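**Student:** Structure: model.txt, compact mmCIF, C-alpha atoms.
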```txt
# COMPACT_ATOMS: atom_id res chain seq x y z
CA MET P 1 -28.42 7.54 28.37
CA LYS P 2 -27.97 11.05 26.99
CA ILE P 3 -25.76 10.70 23.95
CA ALA P 4 -24.49 13.30 21.47
CA VAL P 5 -23.78 12.26 17.91
CA LEU P 6 -21.59 14.82 16.17
CA GLY P 7 -22.01 14.64 12.40
CA THR P 8 -24.98 14.27 10.06
CA GLY P 9 -23.41 12.06 7.37
CA MET P 10 -23.99 8.34 6.78
CA VAL P 11 -22.04 7.31 9.85
CA GLY P 12 -23.70 9.87 12.13
CA GLU P 13 -27.14 8.91 10.90
CA SER P 14 -26.53 5.17 11.33
CA ILE P 15 -25.17 5.55 14.85
CA ALA P 16 -27.82 8.07 15.95
CA THR P 17 -30.67 5.98 14.55
CA LYS P 18 -29.45 2.84 16.27
CA LEU P 19 -28.96 4.61 19.60
CA ALA P 20 -32.42 6.20 19.42
CA ALA P 21 -33.98 2.84 18.54
CA LEU P 22 -32.30 1.37 21.63
CA GLY P 23 -34.07 3.99 23.75
CA HIS P 24 -31.28 6.50 24.29
CA GLU P 25 -31.87 10.25 24.33
CA VAL P 26 -29.88 11.27 21.27
CA CYS P 27 -28.95 14.81 20.22
CA MET P 28 -27.50 15.11 16.71
CA GLY P 29 -24.93 17.90 16.58
CA ALA P 30 -23.94 19.97 13.54
CA ARG P 31 -22.24 23.30 12.84
CA SER P 32 -25.64 24.96 12.67
CA ALA P 33 -28.45 24.48 15.21
CA THR P 34 -30.91 24.22 12.32
CA ASN P 35 -29.00 21.80 10.08
CA GLU P 36 -31.51 20.34 7.60
CA LYS P 37 -30.21 16.78 7.64
CA ALA P 38 -30.39 16.75 11.42
CA ALA P 39 -33.96 18.16 11.30
CA ASP P 40 -34.97 15.43 8.81
CA TRP P 41 -33.44 12.85 11.11
CA VAL P 42 -35.22 14.15 14.22
CA ALA P 43 -38.56 14.08 12.38
CA ARG P 44 -38.16 10.35 11.71
CA GLN P 45 -37.20 9.42 15.30
CA PRO P 46 -39.12 8.41 18.42
CA LYS P 47 -39.63 11.02 21.14
CA GLY P 48 -36.48 12.21 22.87
CA ALA P 49 -34.42 12.82 19.73
CA SER P 50 -33.18 16.35 19.19
CA GLN P 51 -30.71 18.47 17.28
CA GLY P 52 -28.33 21.30 18.13
CA THR P 53 -24.94 22.80 17.53
CA PHE P 54 -21.89 20.67 18.30
CA ALA P 55 -21.64 22.57 21.60
CA GLU P 56 -25.30 22.15 22.53
CA ALA P 57 -25.21 18.45 21.72
CA ALA P 58 -22.05 17.85 23.74
CA ARG P 59 -23.11 19.96 26.73
CA HIS P 60 -25.99 17.71 27.79
CA ALA P 61 -24.46 14.36 26.88
CA GLU P 62 -22.75 11.71 28.98
CA ILE P 63 -21.23 10.11 25.90
CA VAL P 64 -20.19 11.90 22.70
CA PHE P 65 -19.86 9.97 19.42
CA ILE P 66 -17.59 11.68 16.88
CA CYS P 67 -19.00 10.79 13.47
CA THR P 68 -17.51 13.51 11.31
CA ARG P 69 -14.98 12.99 8.53
CA GLY P 70 -11.53 12.45 9.99
CA ASP P 71 -10.09 15.64 8.54
CA VAL P 72 -12.63 17.85 10.35
CA THR P 73 -12.83 15.92 13.62
CA LEU P 74 -10.63 18.30 15.61
CA ASP P 75 -12.50 21.32 14.18
CA ALA P 76 -15.83 19.84 15.23
CA LEU P 77 -14.51 19.06 18.71
CA ASN P 78 -13.13 22.57 19.09
CA LEU P 79 -16.59 23.88 18.23
CA ALA P 80 -18.09 21.43 20.73
CA GLY P 81 -15.86 23.09 23.31
CA ARG P 82 -13.29 21.81 25.76
CA ASP P 83 -15.54 22.40 28.78
CA ASN P 84 -18.44 20.51 27.24
CA LEU P 85 -16.18 17.51 26.61
CA ALA P 86 -14.31 17.41 29.94
CA GLY P 87 -14.95 14.20 31.86
CA LYS P 88 -17.08 12.80 29.02
CA VAL P 89 -16.55 9.57 27.13
CA LEU P 90 -15.57 10.59 23.60
CA VAL P 91 -16.10 7.78 21.10
CA ASP P 92 -13.85 8.25 18.09
CA ILE P 93 -15.08 6.19 15.15
CA ALA P 94 -13.47 8.33 12.44
CA ASN P 95 -10.64 7.47 10.05
CA PRO P 96 -7.86 9.88 9.04
CA LEU P 97 -8.58 9.57 5.33
CA ASP P 98 -6.94 11.93 2.86
CA PHE P 99 -8.86 12.11 -0.42
CA SER P 100 -6.76 15.00 -1.76
CA LYS P 101 -4.52 12.73 -3.86
CA GLY P 102 -7.37 10.80 -5.49
CA MET P 103 -8.68 7.30 -4.91
CA PRO P 104 -8.02 5.18 -3.00
CA PRO P 105 -7.47 7.64 -0.15
CA THR P 106 -4.28 7.55 1.92
CA LEU P 107 -4.04 8.32 5.65
CA PHE P 108 -3.09 11.83 6.79
CA VAL P 109 -1.68 10.43 10.02
CA SER P 110 -0.34 6.89 10.45
CA ASN P 111 2.46 4.60 11.59
CA ASP P 112 3.88 6.54 14.59
CA ASP P 113 0.75 8.55 15.50
CA SER P 114 -3.02 8.35 14.99
CA LEU P 115 -6.16 10.43 14.91
CA GLY P 116 -7.29 8.81 18.17
CA GLU P 117 -4.12 9.95 19.92
CA ARG P 118 -4.38 13.44 18.42
CA ILE P 119 -7.87 13.76 19.83
CA GLN P 120 -6.77 12.54 23.25
CA ARG P 121 -3.84 14.99 23.27
CA ALA P 122 -6.03 17.90 22.18
CA PHE P 123 -8.69 17.07 24.83
CA PRO P 124 -6.77 15.57 27.75
CA ASP P 125 -9.80 15.85 30.07
CA ALA P 126 -11.98 13.73 27.81
CA GLN P 127 -11.92 9.93 27.91
CA VAL P 128 -11.32 8.94 24.30
CA VAL P 129 -12.36 5.45 23.21
CA LYS P 130 -11.58 4.40 19.64
CA THR P 131 -13.82 1.76 18.08
CA LEU P 132 -16.05 0.83 15.09
CA ASN P 133 -13.77 2.50 12.50
CA ILE P 134 -12.88 -0.86 10.90
CA VAL P 135 -16.28 -1.50 9.27
CA ASN P 136 -18.75 0.54 7.23
CA ALA P 137 -21.67 2.42 8.77
CA ASP P 138 -24.25 -0.34 8.18
CA VAL P 139 -22.09 -3.07 9.69
CA MET P 140 -21.28 -0.85 12.70
CA VAL P 141 -24.87 -1.00 13.91
CA ASN P 142 -25.82 -4.38 12.45
CA PRO P 143 -22.90 -6.78 12.63
CA GLY P 144 -25.28 -9.71 12.22
CA GLN P 145 -25.80 -8.93 8.52
CA VAL P 146 -22.76 -11.00 7.47
CA SER P 147 -22.53 -14.78 7.40
CA GLY P 148 -20.51 -15.30 10.59
CA GLU P 149 -19.36 -13.69 13.80
CA LEU P 150 -17.20 -10.57 13.52
CA SER P 151 -14.65 -9.16 15.92
CA MET P 152 -14.58 -5.54 17.02
CA PHE P 153 -11.65 -3.69 18.56
CA LEU P 154 -11.65 -0.91 21.10
CA CYS P 155 -8.91 1.03 22.85
CA GLY P 156 -8.51 3.96 25.23
CA ASN P 157 -6.74 5.06 28.37
CA VAL P 158 -9.68 4.78 30.83
CA ALA P 159 -10.98 1.33 31.75
CA GLU P 160 -14.40 2.60 32.92
CA ALA P 161 -14.97 4.45 29.67
CA LYS P 162 -14.12 1.31 27.70
CA ALA P 163 -16.49 -0.75 29.84
CA LYS P 164 -19.36 1.66 29.03
CA ILE P 165 -18.65 1.53 25.32
CA ARG P 166 -18.28 -2.24 25.37
CA GLN P 167 -21.83 -2.42 26.75
CA LEU P 168 -23.11 -0.16 23.99
CA LEU P 169 -21.31 -2.27 21.36
CA GLU P 170 -22.89 -5.40 22.80
CA SER P 171 -26.29 -3.73 22.55
CA PHE P 172 -25.51 -3.14 18.84
CA GLY P 173 -24.95 -6.90 18.43
CA TRP P 174 -21.16 -7.11 18.78
CA LYS P 175 -20.17 -10.23 20.72
CA ASP P 176 -16.40 -10.54 20.23
CA VAL P 177 -15.09 -7.17 21.46
CA LEU P 178 -11.31 -7.10 21.91
CA ASP P 179 -9.68 -4.51 24.15
CA LEU P 180 -6.35 -3.56 22.54
CA GLY P 181 -5.12 -1.40 25.41
CA ASP P 182 -4.38 2.31 25.57
CA ILE P 183 -5.22 4.89 22.93
CA SER P 184 -1.97 4.27 21.03
CA ALA P 185 -3.65 1.12 19.68
CA ALA P 186 -5.58 3.56 17.47
CA ARG P 187 -2.53 3.34 15.16
CA GLY P 188 -3.28 -0.31 14.54
CA MET P 189 -7.03 0.22 14.26
CA GLU P 190 -6.68 3.04 11.74
CA SER P 191 -4.15 1.02 9.74
CA VAL P 192 -6.99 -1.40 8.95
CA LEU P 193 -8.35 1.13 6.45
CA PRO P 194 -5.89 0.47 3.60
CA ILE P 195 -6.71 -3.25 3.65
CA TRP P 196 -10.43 -2.55 4.12
CA LEU P 197 -10.38 -0.37 0.98
CA ARG P 198 -8.68 -3.07 -1.13
CA LEU P 199 -11.10 -5.71 0.12
CA TRP P 200 -14.05 -3.44 -0.66
CA GLN P 201 -12.73 -3.16 -4.22
CA ALA P 202 -12.03 -6.90 -4.55
CA LEU P 203 -15.30 -8.11 -2.99
CA GLY P 204 -17.55 -5.47 -4.59
CA THR P 205 -19.38 -4.93 -1.31
CA ALA P 206 -18.88 -2.99 1.91
CA SER P 207 -20.86 -5.58 3.84
CA PHE P 208 -17.97 -7.41 5.43
CA GLY P 209 -15.78 -7.35 8.51
CA PHE P 210 -13.00 -9.25 10.25
CA LYS P 211 -13.03 -12.10 12.70
CA VAL P 212 -9.85 -12.65 14.68
CA VAL P 213 -9.67 -16.44 14.63
CA ARG P 214 -7.48 -17.87 17.41
CA MET V 1 8.97 -27.76 -8.28
CA LYS V 2 12.41 -26.22 -7.78
CA ILE V 3 12.00 -23.54 -5.15
CA ALA V 4 14.52 -21.18 -3.56
CA VAL V 5 13.94 -19.95 -0.02
CA LEU V 6 16.07 -16.90 0.70
CA GLY V 7 16.64 -16.50 4.43
CA THR V 8 17.50 -18.88 7.27
CA GLY V 9 15.42 -17.32 10.07
CA MET V 10 12.15 -18.62 11.55
CA VAL V 11 10.13 -17.68 8.48
CA GLY V 12 12.63 -19.16 6.02
CA GLU V 13 12.86 -22.36 8.00
CA SER V 14 9.07 -22.75 8.30
CA ILE V 15 8.47 -22.16 4.61
CA ALA V 16 11.39 -24.31 3.46
CA THR V 17 10.43 -27.20 5.75
CA LYS V 18 6.82 -27.15 4.57
CA LEU V 19 7.79 -27.01 0.89
CA ALA V 20 10.28 -29.88 1.33
CA ALA V 21 7.66 -31.95 3.16
CA LEU V 22 5.30 -31.38 0.23
CA GLY V 23 7.90 -32.91 -2.08
CA HIS V 24 9.45 -29.80 -3.62
CA GLU V 25 13.15 -29.50 -4.38
CA VAL V 26 14.09 -26.71 -2.00
CA CYS V 27 17.37 -24.78 -1.93
CA MET V 28 17.85 -22.55 1.12
CA GLY V 29 19.81 -19.43 0.21
CA ALA V 30 22.01 -17.35 2.50
CA ARG V 31 24.85 -14.84 2.15
CA SER V 32 27.36 -17.62 2.54
CA ALA V 33 27.23 -20.94 0.68
CA THR V 34 28.15 -22.69 3.93
CA ASN V 35 25.71 -20.96 6.29
CA GLU V 36 25.43 -23.13 9.41
CA LYS V 37 21.69 -22.73 9.92
CA ALA V 38 21.09 -23.75 6.34
CA ALA V 39 23.40 -26.76 6.75
CA ASP V 40 21.51 -27.80 9.91
CA TRP V 41 18.25 -27.46 8.04
CA VAL V 42 19.46 -29.53 5.06
CA ALA V 43 20.62 -32.31 7.40
CA ARG V 44 17.08 -32.64 8.80
CA GLN V 45 15.33 -32.76 5.41
CA PRO V 46 14.37 -35.49 2.97
CA LYS V 47 16.52 -35.97 -0.14
CA GLY V 48 16.50 -33.10 -2.60
CA ALA V 49 17.04 -30.30 -0.08
CA SER V 50 20.15 -28.19 -0.56
CA GLN V 51 21.79 -24.93 0.40
CA GLY V 52 23.69 -22.23 -1.46
CA THR V 53 24.31 -18.54 -1.78
CA PHE V 54 21.34 -16.31 -2.57
CA ALA V 55 22.50 -16.35 -6.21
CA GLU V 56 22.95 -20.13 -6.39
CA ALA V 57 19.55 -20.73 -4.81
CA ALA V 58 17.77 -18.31 -7.15
CA ARG V 59 19.57 -19.49 -10.31
CA HIS V 60 18.06 -22.97 -10.34
CA ALA V 61 14.61 -22.09 -8.99
CA GLU V 62 11.26 -21.56 -10.73
CA ILE V 63 9.86 -19.82 -7.66
CA VAL V 64 11.82 -17.71 -5.17
CA PHE V 65 10.46 -17.12 -1.64
CA ILE V 66 11.89 -14.02 0.03
CA CYS V 67 11.98 -14.80 3.74
CA THR V 68 14.53 -12.27 4.97
CA ARG V 69 13.81 -9.37 7.31
CA GLY V 70 12.13 -6.54 5.41
CA ASP V 71 15.01 -4.13 5.87
CA VAL V 72 17.50 -6.43 4.09
CA THR V 73 15.17 -7.79 1.41
CA LEU V 74 16.49 -5.61 -1.40
CA ASP V 75 20.10 -6.36 -0.37
CA ALA V 76 19.42 -10.08 -0.48
CA LEU V 77 17.74 -9.79 -3.88
CA ASN V 78 20.64 -7.75 -5.25
CA LEU V 79 22.96 -10.54 -4.11
CA ALA V 80 20.63 -13.09 -5.73
CA GLY V 81 21.15 -11.16 -8.95
CA ARG V 82 18.84 -9.55 -11.48
CA ASP V 83 19.51 -12.23 -14.13
CA ASN V 84 18.76 -15.07 -11.72
CA LEU V 85 15.41 -13.48 -10.85
CA ALA V 86 14.24 -12.46 -14.35
CA GLY V 87 11.05 -14.25 -15.37
CA LYS V 88 10.77 -15.95 -11.97
CA VAL V 89 7.88 -15.78 -9.54
CA LEU V 90 9.17 -13.81 -6.53
CA VAL V 91 7.08 -14.44 -3.43
CA ASP V 92 7.41 -11.52 -1.02
CA ILE V 93 6.28 -12.51 2.46
CA ALA V 94 8.34 -9.88 4.32
CA ASN V 95 7.15 -6.87 6.31
CA PRO V 96 8.86 -3.47 6.28
CA LEU V 97 9.38 -3.40 10.04
CA ASP V 98 11.59 -0.74 11.60
CA PHE V 99 12.84 -1.79 15.04
CA SER V 100 15.24 1.16 15.35
CA LYS V 101 12.83 3.22 17.48
CA GLY V 102 12.08 0.40 19.94
CA MET V 103 8.99 -1.76 20.39
CA PRO V 104 6.49 -2.04 18.92
CA PRO V 105 8.18 -1.58 15.53
CA THR V 106 6.88 0.96 13.02
CA LEU V 107 6.90 0.54 9.23
CA PHE V 108 9.79 2.01 7.19
CA VAL V 109 7.52 2.31 4.17
CA SER V 110 3.73 2.65 4.30
CA ASN V 111 0.62 4.53 3.22
CA ASP V 112 1.56 5.64 -0.32
CA ASP V 113 4.16 2.95 -1.11
CA SER V 114 5.09 -0.54 0.08
CA LEU V 115 7.93 -3.03 0.23
CA GLY V 116 6.14 -5.19 -2.34
CA GLU V 117 6.07 -2.30 -4.82
CA ARG V 118 9.71 -1.41 -4.10
CA ILE V 119 10.73 -4.97 -4.93
CA GLN V 120 8.70 -4.98 -8.14
CA ARG V 121 10.20 -1.63 -9.19
CA ALA V 122 13.75 -2.80 -8.41
CA PHE V 123 13.25 -6.09 -10.31
CA PRO V 124 10.83 -5.27 -13.13
CA ASP V 125 11.52 -8.58 -14.92
CA ALA V 126 10.46 -10.63 -11.89
CA GLN V 127 6.83 -11.48 -11.16
CA VAL V 128 6.33 -10.34 -7.57
CA VAL V 129 3.48 -11.89 -5.58
CA LYS V 130 2.89 -10.61 -2.06
CA THR V 131 1.25 -12.99 0.41
CA LEU V 132 1.48 -14.66 3.86
CA ASN V 133 2.89 -11.54 5.59
CA ILE V 134 -0.27 -11.13 7.72
CA VAL V 135 0.32 -14.13 10.00
CA ASN V 136 3.27 -15.55 11.92
CA ALA V 137 5.59 -18.22 10.54
CA ASP V 138 3.78 -21.17 12.14
CA VAL V 139 0.35 -20.09 10.93
CA MET V 140 1.71 -19.48 7.40
CA VAL V 141 2.35 -23.17 6.89
CA ASN V 142 -0.35 -24.54 9.19
CA PRO V 143 -3.47 -22.36 9.05
CA GLY V 144 -5.53 -25.21 10.49
CA GLN V 145 -4.01 -24.71 13.96
CA VAL V 146 -6.62 -22.09 14.92
CA SER V 147 -10.26 -22.74 15.77
CA GLY V 148 -11.84 -21.64 12.49
CA GLU V 149 -11.17 -20.89 8.85
CA LEU V 150 -8.75 -18.05 8.08
CA SER V 151 -8.51 -15.82 5.01
CA MET V 152 -5.26 -15.17 3.15
CA PHE V 153 -4.58 -12.31 0.77
CA LEU V 154 -2.37 -12.23 -2.29
CA CYS V 155 -1.58 -9.57 -4.86
CA GLY V 156 0.67 -9.04 -7.85
CA ASN V 157 0.72 -7.80 -11.41
CA VAL V 158 0.85 -11.18 -13.21
CA ALA V 159 -2.23 -13.44 -13.12
CA GLU V 160 -0.29 -16.63 -13.95
CA ALA V 161 2.16 -16.03 -11.13
CA LYS V 162 -0.72 -15.52 -8.69
CA ALA V 163 -2.38 -18.73 -9.88
CA LYS V 164 0.82 -20.70 -9.16
CA ILE V 165 1.13 -19.24 -5.67
CA ARG V 166 -2.55 -19.76 -4.95
CA GLN V 167 -2.00 -23.48 -5.64
CA LEU V 168 0.97 -23.55 -3.27
CA LEU V 169 -1.09 -21.74 -0.60
CA GLU V 170 -3.87 -24.29 -1.00
CA SER V 171 -1.33 -27.08 -0.56
CA PHE V 172 -0.34 -25.37 2.74
CA GLY V 173 -4.00 -25.63 3.86
CA TRP V 174 -5.29 -22.15 2.93
CA LYS V 175 -8.84 -22.36 1.58
CA ASP V 176 -10.07 -18.76 1.48
CA VAL V 177 -7.43 -17.02 -0.67
CA LEU V 178 -8.47 -13.52 -1.76
CA ASP V 179 -6.83 -11.87 -4.76
CA LEU V 180 -6.56 -8.14 -3.99
CA GLY V 181 -5.35 -7.09 -7.43
CA ASP V 182 -2.05 -5.59 -8.52
CA ILE V 183 1.08 -5.19 -6.41
CA SER V 184 -0.08 -1.83 -5.01
CA ALA V 185 -2.38 -3.86 -2.73
CA ALA V 186 0.82 -4.64 -0.81
CA ARG V 187 0.18 -1.28 0.93
CA GLY V 188 -2.97 -2.70 2.45
CA MET V 189 -1.42 -6.08 3.24
CA GLU V 190 1.59 -4.53 4.98
CA SER V 191 -0.67 -2.16 6.94
CA VAL V 192 -2.05 -5.24 8.71
CA LEU V 193 1.13 -5.39 10.77
CA PRO V 194 0.33 -2.58 13.25
CA ILE V 195 -2.98 -4.23 14.16
CA TRP V 196 -1.39 -7.71 14.19
CA LEU V 197 1.20 -6.45 16.70
CA ARG V 198 -1.48 -5.01 19.03
CA LEU V 199 -3.53 -8.20 18.83
CA TRP V 200 -0.45 -10.30 19.56
CA GLN V 201 0.08 -8.19 22.69
CA ALA V 202 -3.60 -8.33 23.73
CA LEU V 203 -4.13 -12.04 23.05
CA GLY V 204 -0.76 -13.20 24.39
CA THR V 205 -0.28 -15.53 21.44
CA ALA V 206 0.85 -15.32 17.82
CA SER V 207 -1.38 -18.24 16.89
CA PHE V 208 -4.17 -16.26 15.25
CA GLY V 209 -5.25 -14.84 11.92
CA PHE V 210 -8.08 -13.04 10.21
CA LYS V 211 -11.20 -14.29 8.48
CA VAL V 212 -12.90 -11.83 6.16
CA VAL V 213 -16.53 -12.52 7.02
CA ARG V 214 -18.94 -11.40 4.28
```
Just give me the structure as structure tokens.
**Tutor:**
Amino acid sequence: MKIAVLGTGMVGESIATKLAALGHEVCMGARSATNEKAADWVARQPKGASQGTFAEAARHAEIVFICTRGDVTLDALNLAGRDNLAGKVLVDIANPLDFSKGMPPTLFVSNDDSLGERIQRAFPDAQVVKTLNIVNADVMVNPGQVSGELSMFLCGNVAEAKAKIRQLLESFGWKDVLDLGDISAARGMESVLPIWLRLWQALGTASFGFKVVR
Amino acid sequence: MKIAVLGTGMVGESIATKLAALGHEVCMGARSATNEKAADWVARQPKGASQGTFAEAARHAEIVFICTRGDVTLDALNLAGRDNLAGKVLVDIANPLDFSKGMPPTLFVSNDDSLGERIQRAFPDAQVVKTLNIVNADVMVNPGQVSGELSMFLCGNVAEAKAKIRQLLESFGWKDVLDLGDISAARGMESVLPIWLRLWQALGTASFGFKVVR
């Protein structure tokens, strides 16, 4: 599939690399069409990988992964352009982290709203699916690295969009994918961050995740 | 041990019944010394179980379990009395749920503060340990009911107090008990509720919990 990955940080690189390795045609989007990190990434990929502006990446994609920091997600999507996102599956894997008050970060939206819902409201013609935000970038694309099976959550308003992303998640190695319903479940998914951060501190590693045992 | 269980609801009854079955001397505390639910509970218990006001229950206890609804926790503790709580281990298993805006509930404190911290600030001479709030009342006292091992979190400012509660948790059947540090980790532990509520909805059962797979 043609997939845009918006963002050139650790998360963007992990997701883009995995998707390219799985044979997808990946375009890494950035503010600038000549972003150096994106160019470095393209140079290390198989044929079919490319780079562009947020708008160029989104325009040609069927699925758009948002891999920017949470506080610039809406900016990046505005640059990508409403028309380029209409009808597309928009995969939100960001967290609304606020680092302005020091560590550990707090959430700049929580409890009765979420970043996932804000994105869906700002781009009503896009099909937002929230997933993957509850683990670190390495675990996202290689859930088998820990010592047991992990669960992954996803939510969104459009069943077809969720079915497509479920398939992608399964191709990443996720086996226990739980559909939590409409996009308002993003509140719950983003509220995992405060406990993730304390566990990261307590365990001394980011290589962990959650299994819902029932 | 002499243990007070403040609260006569589902959580109080589960905890009190388990502690009594394990041979502890349990006093169930309520607003009234003659609370009917507490009297019913006492009648069904082995010798050594008793009931009393919040203050009477706390006065004679070494460990005090707070099993009231989150929004009345501080009220109940004020009735229990500062002097009766000083130097005691105060086990906070409540969640700061706000049902006033309908279902699902939101949290009345979150993100940059927590109920656990509020309790510790209000009763600085007590040794607050937060735990068990991330599962339902049945799973709290019988974690073996699900199909695999679960993790439990605890946090608090006093190492000795946490060691005592860890032992109690182990006697309940919890094997993977993770110490998340000081009482500010209650923010993370209470932020599990929004995702717990969505999972409860999606799975159609409250008989589940989380394993931290690493």
**Student:** What lies within 10 Å of V:Leu115 using only C-alpha atoms, ignoring chain neighbours under 2 positions off, as a PDB file with C-alpha atoms, in the coordinates of the input?
**Tutor:**
```pdb
ATOM      1  CA  GLY V  70      12.130  -6.540   5.410  1.00  0.00           C
ATOM      2  CA  ASP V  71      15.010  -4.130   5.870  1.00  0.00           C
ATOM      3  CA  THR V  73      15.170  -7.790   1.410  1.00  0.00           C
ATOM      4  CA  LEU V  74      16.490  -5.610  -1.400  1.00  0.00           C
ATOM      5  CA  ASP V  92       7.410 -11.520  -1.020  1.00  0.00           C
ATOM      6  CA  ILE V  93       6.280 -12.510   2.460  1.00  0.00           C
ATOM      7  CA  ALA V  94       8.340  -9.880   4.320  1.00  0.00           C
ATOM      8  CA  ASN V  95       7.150  -6.870   6.310  1.00  0.00           C
ATOM      9  CA  PRO V  96       8.860  -3.470   6.280  1.00  0.00           C
ATOM     10  CA  LEU V  97       9.380  -3.400  10.040  1.00  0.00           C
ATOM     11  CA  LEU V 107       6.900   0.540   9.230  1.00  0.00           C
ATOM     12  CA  PHE V 108       9.790   2.010   7.190  1.00  0.00           C
ATOM     13  CA  VAL V 109       7.520   2.310   4.170  1.00  0.00           C
ATOM     14  CA  SER V 110       3.730   2.650   4.300  1.00  0.00           C
ATOM     15  CA  ASP V 113       4.160   2.950  -1.110  1.00  0.00           C
ATOM     16  CA  GLU V 117       6.070  -2.300  -4.820  1.00  0.00           C
ATOM     17  CA  ARG V 118       9.710  -1.410  -4.100  1.00  0.00           C
ATOM     18  CA  ILE V 119      10.730  -4.970  -4.930  1.00  0.00           C
ATOM     19  CA  GLN V 120       8.700  -4.980  -8.140  1.00  0.00           C
ATOM     20  CA  ARG V 121      10.200  -1.630  -9.190  1.00  0.00           C
ATOM     21  CA  LYS V 130       2.890 -10.610  -2.060  1.00  0.00           C
ATOM     22  CA  ILE V 183       1.080  -5.190  -6.410  1.00  0.00           C
ATOM     23  CA  SER V 184      -0.080  -1.830  -5.010  1.00  0.00           C
ATOM     24  CA  ALA V 186       0.820  -4.640  -0.810  1.00  0.00           C
ATOM     25  CA  ARG V 187       0.180  -1.280   0.930  1.00  0.00           C
ATOM     26  CA  GLU V 190       1.590  -4.530   4.980  1.00  0.00           C
TER      27      GLU V 190
END
```
**Student:** Got a sec to pull out which chain V residues are within 7 Å of chain P, counting only C-alpha atoms, and send them as a VMD selection string?
**Tutor:** chain V and resid 106 to 107 111 to 112 146 to 148 150 180 185 187 to 189 191 to 192 194 to 195 198 to 199 202 207 to 214
**Student:** To one decimal place in Å, what is the distance between atom CA of P:Ala57 and atom CA of P:Gly29?
**Tutor:**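 That distance, rounded to one decimal, is 5.2 Å.
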**Student:** Could you give me, as a list of chain:residue names, the residues within 7 Å of P:Ala30, counting only C-alpha atoms and dropping anything in the same chain fewer than 6 positions from it?
**Tutor:**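 With the cut-off at 7 Å, the set is P:Leu6, P:Gly7, P:Thr8, P:Gly52, P:Thr53, P:Phe54.
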**Student:** Restricting the calculation to all atoms listed in the file, which member of V:Ala137, V:Val89, V:Val64, V:Ala38 is positioned closest to V:Ala163?
**Tutor:**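 Nearest to V:Ala163: V:Val89.
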**Student:** Rank nothing, just name the residue among P:Glu62, P:Asp40, P:Asp83, P:Asp75 nearest to P:Ala161, using all atoms listed in the file.
**Tutor:**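 Going through P:Glu62, P:Asp40, P:Asp83, P:Asp75 one by one, the smallest distance to P:Ala161 is for P:Glu62.
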**Student:** Measure the distance from atom CA of P:Gly144 to atom CA of P:Lys175 in Å and round it to one decimal.
**Tutor:**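 Atom CA of P:Gly144 sits 9.9 Å away from atom CA of P:Lys175.
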**Student:** To one decimal in Å, tell me the separation between atom CA of P:Phe172 and atom CA of P:His24.
**Tutor:** 12.5 Å
